[in-house]
Amino acid sequence: MKNVKDYVISIPDFPKEGIIFRDVTGVTENAEGFHLAIEALDAQLDGVDYDIIAGTESRGFIFGAPLAYKNNKGLVLVRKKGKLPRETIERSYDLEYGSATIEIHKDAIKPGTRVVLVDDLIATGGTIEAAAKLIEELGGEVVKMIFLIELTDLGGRKLLEGYDIASVIQYEGE
């Protein structure tokens, strides 16, 4: 039997020369790969006391939804600015070449809610840090952050010091 890392497709020189892009669609396009990924992410939640899962747009939704379903939890969507219909709060953060803004429904997290944040990949950590700050602004507590892939050399874990972080697969380099 394969492991989930066998389904990640590594594409050299994308989006620019010298970068190896770790393509998670190889995991999601294969039933066994997707199953292995969800089971591996779910194992990261063993012993974690939480109320709800929050996934960041868009691949955090892909992995967060089956985890929420499997564990009988709700799923909060952390979306790009302008995509949520109810009253929101927002947070901007820096990207490699610019900035971005994410939002969450203002009523999605109640004070004291214990939240697990899910995304497919942690690189520099900017997106997930912004999501955590939104949850905390609403009075929630981020009790765990889980990722399928971690790019260890890009410093995301250091940016997120103080949070409980777990990743299934780790790669060095960009």
# chains A, B, ... in the order shown; residues from 1 in each chain; ligands from 1
$ residues_around --residues "Gly125 (chain A)" --least-positions-apart "2" --cutoff "8 Å" --atoms "only C-alpha atoms" --output "list in words"
Ile122, Ala123, Thr127, Ile128, Glu129, Gly155, Gly156, Arg157, Leu159 and Leu160 of chain A
$ select_by_dssp --residues "chain A" --states "strand (DSSP E)" --output "ChimeraX atom specification"
/A:9-12,20-23,52-56,74-80,88-95,98-105,114-122,141-151,165-171
$ residues_around --residues "region 137-147 of chain A" --least-positions-apart "3" --cutoff "10 Å" --atoms "only C-alpha atoms" --output "number ranges by chain"
A: 37, 40-42, 44-45, 48-55, 60, 63-64, 89-90, 104-122, 128-129, 131-134, 150, 160, 163-170
$ select_by_dssp --residues "chain A" --states "alpha helix (DSSP H)" --output "count of residues only"
45
$ closest_residue --among "A:Gly126, A:Lys73, A:Gly162, A:Asp46" --to "Arg91 (chain A)" --atoms "only C-alpha atoms"
A:Gly126
$ atom_distance --atom1 "CA of Lys5 (chain A)" --atom2 "CA of Val27 (chain A)"
8.3 Å
$ residues_around --residues "Ser92 (chain A)" --least-positions-apart "5" --cutoff "8 Å" --atoms "only C-alpha atoms" --output "MDAnalysis selection string"
chainID A and resid 99:102 130
$ closest_residue --among "A:Thr56, A:Asn72, A:Thr25, A:Thr124" --to "Asp153 (chain A)" --atoms "only C-alpha atoms"
A:Thr124
$ residues_around --residues "Glu32 (chain A)" --least-positions-apart "3" --cutoff "12 Å" --atoms "only C-alpha atoms" --output "list in words"
Met1, Lys2, Asn3, Val4, Lys5, Asp6, Tyr7, Gly26, Val27, Thr28, Glu29, His35, Leu36, Ala37, Ile38 and Glu39 of chain A
$ closest_residue --among "A:Ile19, A:Arg79, A:Ile149, A:Glu136" --to "Ser58 (chain A)" --atoms "only C-alpha atoms"
A:Arg79
$ atom_distance --atom1 "CA of Glu57 (chain A)" --atom2 "CA of Leu77 (chain A)"
7.2 Å
